[in-house]
Amino acid sequence: MNKPLRRIAIFCGLLVLALLIRDNWIQYVQADELKSDKNNRRVIIERYASPRGDIIVDGKPITGSAETPGSDFKFKRTYKDGAMWAPVTGYASQAFGATQLESIEDGILTGNDDRLFFRNTLDMLTGKKQEGGNVVTTLSAAAQKAAYNGLKKQGGKGAVAAIEPSTGKILALASYPSYDPSSFAGNSTTTDTEAWQKLQKKTNPNDPMLNRALRETYPPGSTFKVLTAAAALEDGLYTDPDAKTDSPDPWVMEGTTTKLPNEGNIPCKNATLRVALQYSCNTVFGKIGSDLGNDKMLDMAKKFGFGEEHFTPVRTNASVFSDNMNPSQTALSSIGQFNTAATPLQMAMVASAVANDGTLMKPYMVDELQSPGLDPIEKTDPEELSQPLSAKNAQILQSMMETVVDKGTGSRAKIPGVTVGGKTGTAQHGVDNSENPYAWFISYAKAEDGSAPVAVAVVIEDDNAVRDDISGGGLAAPIAKSVMEAVIDSKK
């Protein structure tokens with residue numbers, strides 16, 4: 001071979017080698033990156049080429065799929081009672097992507113999860129089209145309906161979270177106002193885009209796409225006094241719920257000349273823990289927080305789950321109890337004000353731990369992942385998250401919370417023939433408390449055998465309500481009652 005031909009052959013060989021290297025680099029090194037690239041339309045087309053698997057509640061699908069004629073996306077997502085279930089499902093939109101369970105479990109729902117490899121290989125050999133698997137939730141349809149309808153009837157903004165204390169299963173997760181994910185599930189430049197734009201916070205100040213049950217933190221107000229009481233019992237500051245406390249009224253916060261006020265003419269001077277919770281005495285629980293100090297109160301808050309994001313698997317915002325606070329700031333934080341802030345799910349966790357004799361279970365909403373043939377792929381086992389207080393002290397606190405419902409501010413949560421424990425809260429907010437307060441109620445219900453099938457947290461923010469009419473007992477407790485009743489009735 002002459003010299004020019006040899007050079008051409010070597011050059012062509014190098015080009016082929018470079019092509020092979022580049023081809024292998026794309027197929028094996030960059031494959032995942034290219035697959036998830038937002039500009040890779042083929043991936044999106046494949047995602048909507050067949051019906052998605054379903055999200056299941058009580059054995060029935062709350063989602064579906066419908067053909068979209070005239071589009072290269074063959075199927076789009078549909079939802080049953082979409083607005084009611086949106087805080088659970090999230091959305092799957094051809095134009096705007098996916099969130100929450102629709103996003104987290106997308107691999108199962110589309111059938112592309114690696115755990116479905118052998119199933120998909122078999123389908124390919126038999127010529128069967130690829131199908132998506134199912135996501136089976138822990139939710140109760142009855143509890144969710146009671147929660148959503150209660151919020152809707154109230155008419156303001158708010159959220160409900162309900163948990164099964166013994167397992168951590170989430171039974172209800174409602175947020176209001178809400179949105180119907182079906183309204184923008186396609187990719188129409190007119191209807192879907194218009195529906196999407198109407199839901200955005202900049203055009204809709206009610207922010208209906210905000211998941212208030214998981215992603216909004218509110219000052220918990222007096223519902224936080226349950227946690228403060230737990231800290232006092234666990235520390236041994238007070239051991240007898242019916243013994244008088246060292247709590248003057250008025251009480252001047254340490255390091256200040258400011259008196260911590262109580263709401264109305266209530267018997268708070270040296271009140272027992274039981275009476276203080278029954279009447280919601282700021283002086284008693286503020287002084288407890290100040291006496292225990294920031295470190296001990298923060299430690300108890302962390303044991304209940306404050307300071308951490310929780311994955312249900314949908315991520316929650318972390319609830320807040322600050323560190324490095326002085327005694328007066330700690331006092332205010334210990335009655336659920338100052339910087340203290342909590343999600344509704346977090347406060348349901350507080351009530352759940354008390355109801356479960358001091359054991360806090362990790363909250364979760366996915367019970368099982370299923371293959372297209374309904375075979376189980378993954379099962380969630382209940383998991384203990386922490387032990388904030390002893391069984392003995394939890395039972396003392398239960399008796400105190402039950403007094404709140406029997407004789408105190410939570411009487412509107414009473415259920416005939418059922419033992420109910422609860423705590424109301426009216427949390428102030430705005431500059432100099434100028435805005436309408438938030439109405440809170442946390443509670444649990446006990447069955448005849450002593451077990452607690454449900455713990456609930458409700459928060460209401462009603463900008464249109466008359467300020468003097470806003471109270472946790474008046475606005476939030478009836479909703480909690482209806483959720484607890486729904487759970488109890490569904491187990492009969």
# chains A, B, ... in the order shown; residues from 1 in each chain; ligands from 1
$ residues_around --residues "Pro61 in chain A" --least-positions-apart "4" --cutoff "12 Å" --atoms "only C-alpha atoms" --output "PDB file with C-alpha atoms, in the first residue's frame"
ATOM      1  CA  ARG A  52     -50.618   5.169  33.428  1.00  0.00           C
ATOM      2  CA  GLY A  53     -51.126   2.849  36.334  1.00  0.00           C
ATOM      3  CA  ASP A  54     -53.461   4.054  39.068  1.00  0.00           C
ATOM      4  CA  ILE A  55     -53.279   5.538  42.530  1.00  0.00           C
ATOM      5  CA  ILE A  56     -55.522   3.420  44.747  1.00  0.00           C
ATOM      6  CA  VAL A  57     -57.611   4.338  47.808  1.00  0.00           C
ATOM      7  CA  SER A  65     -56.335   7.750  31.679  1.00  0.00           C
ATOM      8  CA  THR A  78     -57.692  11.881  34.593  1.00  0.00           C
ATOM      9  CA  TYR A  79     -58.738  12.234  38.232  1.00  0.00           C
ATOM     10  CA  LYS A  80     -61.840  11.340  40.220  1.00  0.00           C
ATOM     11  CA  ASP A  81     -62.691  14.066  42.749  1.00  0.00           C
ATOM     12  CA  GLY A  82     -59.416  15.663  41.697  1.00  0.00           C
ATOM     13  CA  TRP A  85     -57.268  14.226  46.298  1.00  0.00           C
ATOM     14  CA  THR A  89     -51.790  12.617  44.124  1.00  0.00           C
ATOM     15  CA  GLY A 133     -48.201  -0.512  37.947  1.00  0.00           C
ATOM     16  CA  ASN A 134     -50.304   0.820  40.810  1.00  0.00           C
ATOM     17  CA  VAL A 135     -49.603   2.863  43.925  1.00  0.00           C
ATOM     18  CA  VAL A 136     -51.763   1.665  46.823  1.00  0.00           C
ATOM     19  CA  THR A 137     -52.181   4.364  49.463  1.00  0.00           C
ATOM     20  CA  LEU A 139     -55.693   6.888  52.776  1.00  0.00           C
ATOM     21  CA  ALA A 141     -61.836   7.759  51.384  1.00  0.00           C
TER      22      ALA A 141
END
$ residues_around --residues "Arg274 in chain A" --least-positions-apart "6" --cutoff "10 Å" --atoms "only C-alpha atoms" --output "VMD selection string"
chain A and resid 229 240 to 244 280 396 to 397 399 to 404
$ write_last_selection --atoms "C-alpha atoms" --output "compact mmCIF listing (two decimals), in the first residue's frame"
# COMPACT_ATOMS: atom_id res chain seq x y z
CA ALA A 229 -46.94 19.63 79.07
CA ASP A 240 -49.03 15.02 89.19
CA PRO A 241 -51.50 16.56 86.73
CA ASP A 242 -53.78 17.50 89.63
CA ALA A 243 -51.19 19.15 91.86
CA LYS A 244 -50.88 22.93 91.84
CA SER A 280 -55.44 27.04 78.03
CA ILE A 396 -51.40 11.26 82.08
CA LEU A 397 -51.41 13.62 79.11
CA SER A 399 -56.36 12.17 80.64
CA MET A 400 -55.61 15.91 80.48
CA MET A 401 -56.55 16.15 76.78
CA GLU A 402 -59.74 14.21 77.46
CA THR A 403 -60.64 16.77 80.13
CA VAL A 404 -60.26 19.51 77.50
$ residues_around --residues "Phe73 in chain A" --least-positions-apart "6" --cutoff "8 Å" --atoms "only C-alpha atoms" --output "list in words"
Ile44, Ile45, Glu46, Tyr48, Ala49 and Gln94 of chain A
$ write_last_selection --atoms "all heavy atoms" --output "PDB file, in the first residue's frame"
ATOM      1  N   ILE A  44     -40.926  11.963  26.780  1.00  0.00           N
ATOM      2  CA  ILE A  44     -42.260  12.395  27.193  1.00  0.00           C
ATOM      3  C   ILE A  44     -43.324  11.682  26.368  1.00  0.00           C
ATOM      4  O   ILE A  44     -44.367  11.262  26.894  1.00  0.00           O
ATOM      5  CB  ILE A  44     -42.400  13.925  27.051  1.00  0.00           C
ATOM      6  CG1 ILE A  44     -41.288  14.642  27.823  1.00  0.00           C
ATOM      7  CG2 ILE A  44     -43.759  14.397  27.570  1.00  0.00           C
ATOM      8  CD1 ILE A  44     -41.268  16.138  27.624  1.00  0.00           C
ATOM      9  N   ILE A  45     -43.064  11.521  25.071  1.00  0.00           N
ATOM     10  CA  ILE A  45     -44.017  10.809  24.215  1.00  0.00           C
ATOM     11  C   ILE A  45     -44.190   9.376  24.711  1.00  0.00           C
ATOM     12  O   ILE A  45     -45.310   8.861  24.783  1.00  0.00           O
ATOM     13  CB  ILE A  45     -43.539  10.829  22.747  1.00  0.00           C
ATOM     14  CG1 ILE A  45     -43.635  12.250  22.181  1.00  0.00           C
ATOM     15  CG2 ILE A  45     -44.359   9.861  21.895  1.00  0.00           C
ATOM     16  CD1 ILE A  45     -43.028  12.399  20.806  1.00  0.00           C
ATOM     17  N   GLU A  46     -43.069   8.741  25.076  1.00  0.00           N
ATOM     18  CA  GLU A  46     -43.144   7.367  25.577  1.00  0.00           C
ATOM     19  C   GLU A  46     -43.929   7.298  26.888  1.00  0.00           C
ATOM     20  O   GLU A  46     -44.691   6.368  27.120  1.00  0.00           O
ATOM     21  CB  GLU A  46     -41.735   6.808  25.790  1.00  0.00           C
ATOM     22  CG  GLU A  46     -41.719   5.370  26.283  1.00  0.00           C
ATOM     23  CD  GLU A  46     -40.328   4.892  26.641  1.00  0.00           C
ATOM     24  OE1 GLU A  46     -39.370   5.682  26.529  1.00  0.00           O
ATOM     25  OE2 GLU A  46     -40.191   3.723  27.063  1.00  0.00           O
ATOM     26  N   TYR A  48     -46.411   9.007  27.841  1.00  0.00           N
ATOM     27  CA  TYR A  48     -47.858   9.103  27.633  1.00  0.00           C
ATOM     28  C   TYR A  48     -48.336   8.240  26.455  1.00  0.00           C
ATOM     29  O   TYR A  48     -49.416   8.469  25.916  1.00  0.00           O
ATOM     30  CB  TYR A  48     -48.245  10.569  27.414  1.00  0.00           C
ATOM     31  CG  TYR A  48     -48.000  11.403  28.646  1.00  0.00           C
ATOM     32  CD1 TYR A  48     -46.903  12.259  28.725  1.00  0.00           C
ATOM     33  CD2 TYR A  48     -48.844  11.319  29.751  1.00  0.00           C
ATOM     34  CE1 TYR A  48     -46.655  13.010  29.864  1.00  0.00           C
ATOM     35  CE2 TYR A  48     -48.601  12.064  30.890  1.00  0.00           C
ATOM     36  CZ  TYR A  48     -47.510  12.911  30.948  1.00  0.00           C
ATOM     37  OH  TYR A  48     -47.263  13.656  32.081  1.00  0.00           O
ATOM     38  N   ALA A  49     -47.530   7.230  26.083  1.00  0.00           N
ATOM     39  CA  ALA A  49     -47.894   6.351  24.973  1.00  0.00           C
ATOM     40  C   ALA A  49     -48.907   5.290  25.385  1.00  0.00           C
ATOM     41  O   ALA A  49     -49.562   4.685  24.540  1.00  0.00           O
ATOM     42  CB  ALA A  49     -46.644   5.683  24.399  1.00  0.00           C
ATOM     43  N   GLN A  94     -49.101  16.629  30.703  1.00  0.00           N
ATOM     44  CA  GLN A  94     -48.281  16.544  29.498  1.00  0.00           C
ATOM     45  C   GLN A  94     -47.490  17.827  29.277  1.00  0.00           C
ATOM     46  O   GLN A  94     -46.392  17.799  28.721  1.00  0.00           O
ATOM     47  CB  GLN A  94     -49.171  16.263  28.282  1.00  0.00           C
ATOM     48  CG  GLN A  94     -49.861  14.913  28.317  1.00  0.00           C
ATOM     49  CD  GLN A  94     -50.871  14.755  27.196  1.00  0.00           C
ATOM     50  OE1 GLN A  94     -51.189  15.712  26.494  1.00  0.00           O
ATOM     51  NE2 GLN A  94     -51.385  13.543  27.031  1.00  0.00           N
TER      52      GLN A  94
END
$ closest_atom_pairs --of "range 196-264 of chain A" --to "range 450-458 of chain A" --cutoff "12 Å" --atoms "only C-alpha atoms" --output "tab-separated table"
residue	atom	partner	partner_atom	distance
A:Arg212	CA	A:Val458	CA	10.7
A:Ala213	CA	A:Val458	CA	8.9
A:Leu214	CA	A:Ala457	CA	11.7
A:Tyr218	CA	A:Val458	CA	11.3
A:Pro220	CA	A:Ala457	CA	10.3
A:Thr223	CA	A:Ala457	CA	9.4
A:Phe224	CA	A:Ala457	CA	11.7
$ write_last_selection --atoms "N, CA, C and O atoms" --output "compact mmCIF listing (two decimals), in the first residue's frame"
# COMPACT_ATOMS: atom_id res chain seq x y z
N ARG A 212 -51.24 22.78 51.79
CA ARG A 212 -51.16 23.36 53.13
C ARG A 212 -50.96 22.30 54.22
O ARG A 212 -50.46 22.62 55.30
N ALA A 213 -51.35 21.07 53.96
CA ALA A 213 -51.20 20.03 54.98
C ALA A 213 -49.75 19.63 55.20
O ALA A 213 -49.36 19.24 56.30
N LEU A 214 -48.93 19.76 54.15
CA LEU A 214 -47.53 19.32 54.22
C LEU A 214 -46.52 20.44 54.07
O LEU A 214 -45.42 20.36 54.63
N TYR A 218 -47.52 26.99 60.17
CA TYR A 218 -48.31 28.01 60.87
C TYR A 218 -47.86 28.08 62.32
O TYR A 218 -47.42 27.07 62.89
N PRO A 220 -48.54 27.32 65.82
CA PRO A 220 -49.53 26.37 66.30
C PRO A 220 -50.35 26.85 67.48
O PRO A 220 -51.31 26.17 67.89
N THR A 223 -52.20 24.73 70.76
CA THR A 223 -52.05 23.28 70.57
C THR A 223 -50.65 22.84 70.96
O THR A 223 -50.43 21.68 71.34
N PHE A 224 -49.68 23.76 70.89
CA PHE A 224 -48.29 23.42 71.26
C PHE A 224 -48.16 23.17 72.76
O PHE A 224 -47.19 22.56 73.20
$ residues_around --residues "Thr340 in chain A" --least-positions-apart "4" --cutoff "9 Å" --atoms "only C-alpha atoms" --output "list in words"
Tyr218, Pro219, Pro220, Gly221, Phe224, Ser319, Val320, Phe321, Ser322, Leu332, Ser333, Ser334, Ile335 and Gly336 of chain A
$ write_last_selection --atoms "N, CA and C atoms" --output "CSV table (one decimal), in the first residue's frame"
chain,number,residue,atom,x,y,z
A,218,TYR,N,-47.5,27.0,60.2
A,218,TYR,CA,-48.3,28.0,60.9
A,218,TYR,C,-47.9,28.1,62.3
A,219,PRO,N,-48.0,29.2,63.0
A,219,PRO,CA,-47.8,29.2,64.4
A,219,PRO,C,-48.9,28.3,65.0
A,220,PRO,N,-48.5,27.3,65.8
A,220,PRO,CA,-49.5,26.4,66.3
A,220,PRO,C,-50.4,26.8,67.5
A,221,GLY,N,-50.0,28.0,68.0
A,221,GLY,CA,-50.8,28.5,69.2
A,221,GLY,C,-50.8,27.5,70.3
A,224,PHE,N,-49.7,23.8,70.9
A,224,PHE,CA,-48.3,23.4,71.3
A,224,PHE,C,-48.2,23.2,72.8
A,319,SER,N,-40.9,21.7,60.5
A,319,SER,CA,-41.5,22.5,61.5
A,319,SER,C,-40.4,23.2,62.4
A,320,VAL,N,-40.7,24.3,63.0
A,320,VAL,CA,-39.7,25.1,63.7
A,320,VAL,C,-39.9,25.3,65.1
A,321,PHE,N,-38.8,25.0,65.9
A,321,PHE,CA,-38.7,25.5,67.3
A,321,PHE,C,-37.3,26.0,67.4
A,322,SER,N,-37.1,27.3,67.7
A,322,SER,CA,-35.8,27.9,67.6
A,322,SER,C,-34.8,27.5,68.7
A,332,LEU,N,-42.7,32.4,75.2
A,332,LEU,CA,-43.7,32.6,74.1
A,332,LEU,C,-43.7,31.5,73.1
A,333,SER,N,-42.5,30.9,72.8
A,333,SER,CA,-42.5,29.8,71.9
A,333,SER,C,-43.1,28.5,72.5
A,334,SER,N,-43.1,28.4,73.8
A,334,SER,CA,-43.7,27.3,74.5
A,334,SER,C,-45.2,27.3,74.5
A,335,ILE,N,-45.8,28.5,74.1
A,335,ILE,CA,-47.3,28.5,74.0
A,335,ILE,C,-47.6,28.7,72.5
A,336,GLY,N,-46.7,28.3,71.6
A,336,GLY,CA,-46.9,28.2,70.2
A,336,GLY,C,-46.9,29.5,69.5
$ closest_atom_pairs --of "range 151-183 of chain A" --to "range 199-204 of chain A" --cutoff "10 Å" --atoms "only C-alpha atoms" --output "Markdown table"
| residue | atom | partner | partner_atom | distance |
| --- | --- | --- | --- | --- |
| A:Ser178 | CA | A:Leu199 | CA | 9.2 |
| A:Tyr179 | CA | A:Leu199 | CA | 7.5 |
| A:Asp180 | CA | A:Leu199 | CA | 9.8 |
$ atom_distance --atom1 "CA of Val420 in chain A" --atom2 "CA of Gln278 in chain A"
13.6 Å
$ atom_distance --atom1 "CA of Leu260 in chain A" --atom2 "CA of Thr330 in chain A"
12.3 Å
$ residues_around --residues "range 190-193 of chain A" --least-positions-apart "4" --cutoff "12 Å" --atoms "only C-alpha atoms" --output "MDAnalysis selection string"
chainID A and resid 76 93:96 180:186 197:200
$ write_last_selection --atoms "N, CA, C and O atoms" --output "CSV table (one decimal), in the first residue's frame"
chain,number,residue,atom,x,y,z
A,76,LYS,N,-53.7,11.0,28.3
A,76,LYS,CA,-53.5,11.9,29.4
A,76,LYS,C,-54.2,11.4,30.7
A,76,LYS,O,-55.0,10.6,30.7
A,93,SER,N,-49.1,16.1,34.2
A,93,SER,CA,-49.5,17.0,33.1
A,93,SER,C,-48.5,16.8,31.9
A,93,SER,O,-47.3,16.8,32.1
A,94,GLN,N,-49.1,16.6,30.7
A,94,GLN,CA,-48.3,16.5,29.5
A,94,GLN,C,-47.5,17.8,29.3
A,94,GLN,O,-46.4,17.8,28.7
A,95,ALA,N,-48.0,19.0,29.7
A,95,ALA,CA,-47.4,20.2,29.5
A,95,ALA,C,-46.5,20.7,30.7
A,95,ALA,O,-45.5,21.4,30.5
A,96,PHE,N,-46.9,20.4,31.9
A,96,PHE,CA,-46.3,21.0,33.1
A,96,PHE,C,-45.6,20.0,34.0
A,96,PHE,O,-45.2,20.3,35.1
A,180,ASP,N,-58.2,21.0,40.5
A,180,ASP,CA,-58.5,19.7,39.8
A,180,ASP,C,-57.3,19.5,38.9
A,180,ASP,O,-57.2,20.2,37.9
A,181,PRO,N,-56.5,18.5,39.1
A,181,PRO,CA,-55.3,18.2,38.2
A,181,PRO,C,-55.8,17.9,36.8
A,181,PRO,O,-55.0,18.0,35.8
A,182,SER,N,-57.0,17.4,36.6
A,182,SER,CA,-57.5,17.1,35.3
A,182,SER,C,-57.6,18.3,34.4
A,182,SER,O,-57.5,18.2,33.2
A,183,SER,N,-57.7,19.5,35.0
A,183,SER,CA,-58.0,20.7,34.2
A,183,SER,C,-56.8,21.1,33.3
A,183,SER,O,-56.9,21.9,32.4
A,184,PHE,N,-55.6,20.6,33.7
A,184,PHE,CA,-54.4,20.9,32.9
A,184,PHE,C,-53.5,19.7,32.6
A,184,PHE,O,-52.3,19.8,32.4
A,185,ALA,N,-54.2,18.5,32.5
A,185,ALA,CA,-53.5,17.3,32.3
A,185,ALA,C,-52.9,17.1,30.9
A,185,ALA,O,-52.0,16.3,30.7
A,186,GLY,N,-53.5,17.8,29.9
A,186,GLY,CA,-53.1,17.7,28.6
A,186,GLY,C,-52.0,18.7,28.2
A,186,GLY,O,-51.3,19.2,29.1
A,197,GLN,N,-52.6,28.8,34.4
A,197,GLN,CA,-52.3,30.2,34.7
A,197,GLN,C,-53.3,30.7,35.8
A,197,GLN,O,-52.9,31.5,36.7
A,198,LYS,N,-54.5,30.3,35.7
A,198,LYS,CA,-55.5,30.7,36.7
A,198,LYS,C,-55.2,30.2,38.1
A,198,LYS,O,-55.7,30.7,39.1
A,199,LEU,N,-54.4,29.1,38.2
A,199,LEU,CA,-54.1,28.5,39.5
A,199,LEU,C,-52.8,29.0,40.2
A,199,LEU,O,-52.5,28.7,41.3
A,200,GLN,N,-52.0,29.8,39.4
A,200,GLN,CA,-50.8,30.3,39.9
A,200,GLN,C,-50.9,31.4,41.0
A,200,GLN,O,-51.9,32.2,40.9
$ atom_distance --atom1 "CA of Glu102 in chain A" --atom2 "CA of Ser352 in chain A"
27.3 Å
$ closest_atom_pairs --of "range 57-96 of chain A" --to "range 296-314 of chain A" --cutoff "12 Å" --atoms "only C-alpha atoms" --output "JSON lines"
{"residue": "A:Pro87", "atom": "CA", "partner": "A:Val314", "partner_atom": "CA", "distance": 9.6}
{"residue": "A:Val88", "atom": "CA", "partner": "A:Val314", "partner_atom": "CA", "distance": 8.4}
{"residue": "A:Thr89", "atom": "CA", "partner": "A:Val314", "partner_atom": "CA", "distance": 9.5}
{"residue": "A:Gly90", "atom": "CA", "partner": "A:Val314", "partner_atom": "CA", "distance": 9.4}
$ write_last_selection --atoms "all heavy atoms" --output "compact mmCIF listing (two decimals), in the first residue's frame"
# COMPACT_ATOMS: atom_id res chain seq x y z
N PRO A 87 -53.86 17.02 47.17
CA PRO A 87 -52.74 17.02 48.11
C PRO A 87 -52.06 15.65 48.24
O PRO A 87 -50.95 15.55 48.77
CB PRO A 87 -53.38 17.44 49.44
CG PRO A 87 -54.64 18.14 49.06
CD PRO A 87 -55.12 17.43 47.83
N VAL A 88 -52.74 14.61 47.80
CA VAL A 88 -52.18 13.26 47.85
C VAL A 88 -51.53 12.90 46.51
O VAL A 88 -50.37 12.49 46.45
CB VAL A 88 -53.28 12.22 48.18
CG1 VAL A 88 -52.71 10.80 48.13
CG2 VAL A 88 -53.89 12.52 49.54
N THR A 89 -52.28 13.05 45.43
CA THR A 89 -51.79 12.62 44.12
C THR A 89 -50.77 13.57 43.52
O THR A 89 -49.83 13.13 42.85
CB THR A 89 -52.96 12.50 43.12
OG1 THR A 89 -53.57 13.78 42.95
CG2 THR A 89 -54.01 11.51 43.63
N GLY A 90 -50.94 14.88 43.74
CA GLY A 90 -50.22 15.83 42.92
C GLY A 90 -50.84 15.82 41.53
O GLY A 90 -52.01 15.47 41.37
$ select_by_dssp --residues "range 118-348 of chain A" --states "strand (DSSP E or B)" --output "VMD selection string"
chain A and resid 134 to 137 157 to 163 169 to 176 218 244 251 to 252 259 to 260 272 311 315 320 341 to 342
$ residues_around --residues "Met361 in chain A" --least-positions-apart "5" --cutoff "12 Å" --atoms "only C-alpha atoms" --output "PyMOL selection string"
chain A and resi 163-170+303-305+310+312+346+348-356+381-388+455
$ closest_residue --among "A:Leu109, A:Val16, A:Leu171, A:Ala276" --to "Thr138 in chain A" --atoms "only C-alpha atoms"
A:Leu171
$ closest_residue --among "A:Ala143, A:Ala98, A:Val252, A:Ala172" --to "Glu485 in chain A" --atoms "only C-alpha atoms"
A:Ala143
$ closest_residue --among "A:Ile377, A:Met84, A:Ile266, A:Ala142" --to "Met484 in chain A" --atoms "only C-alpha atoms"
A:Ala142
$ closest_residue --among "A:Thr228, A:Ser443, A:Asn265, A:Gln130" --to "Gly293 in chain A" --atoms "only C-alpha atoms"
A:Thr228
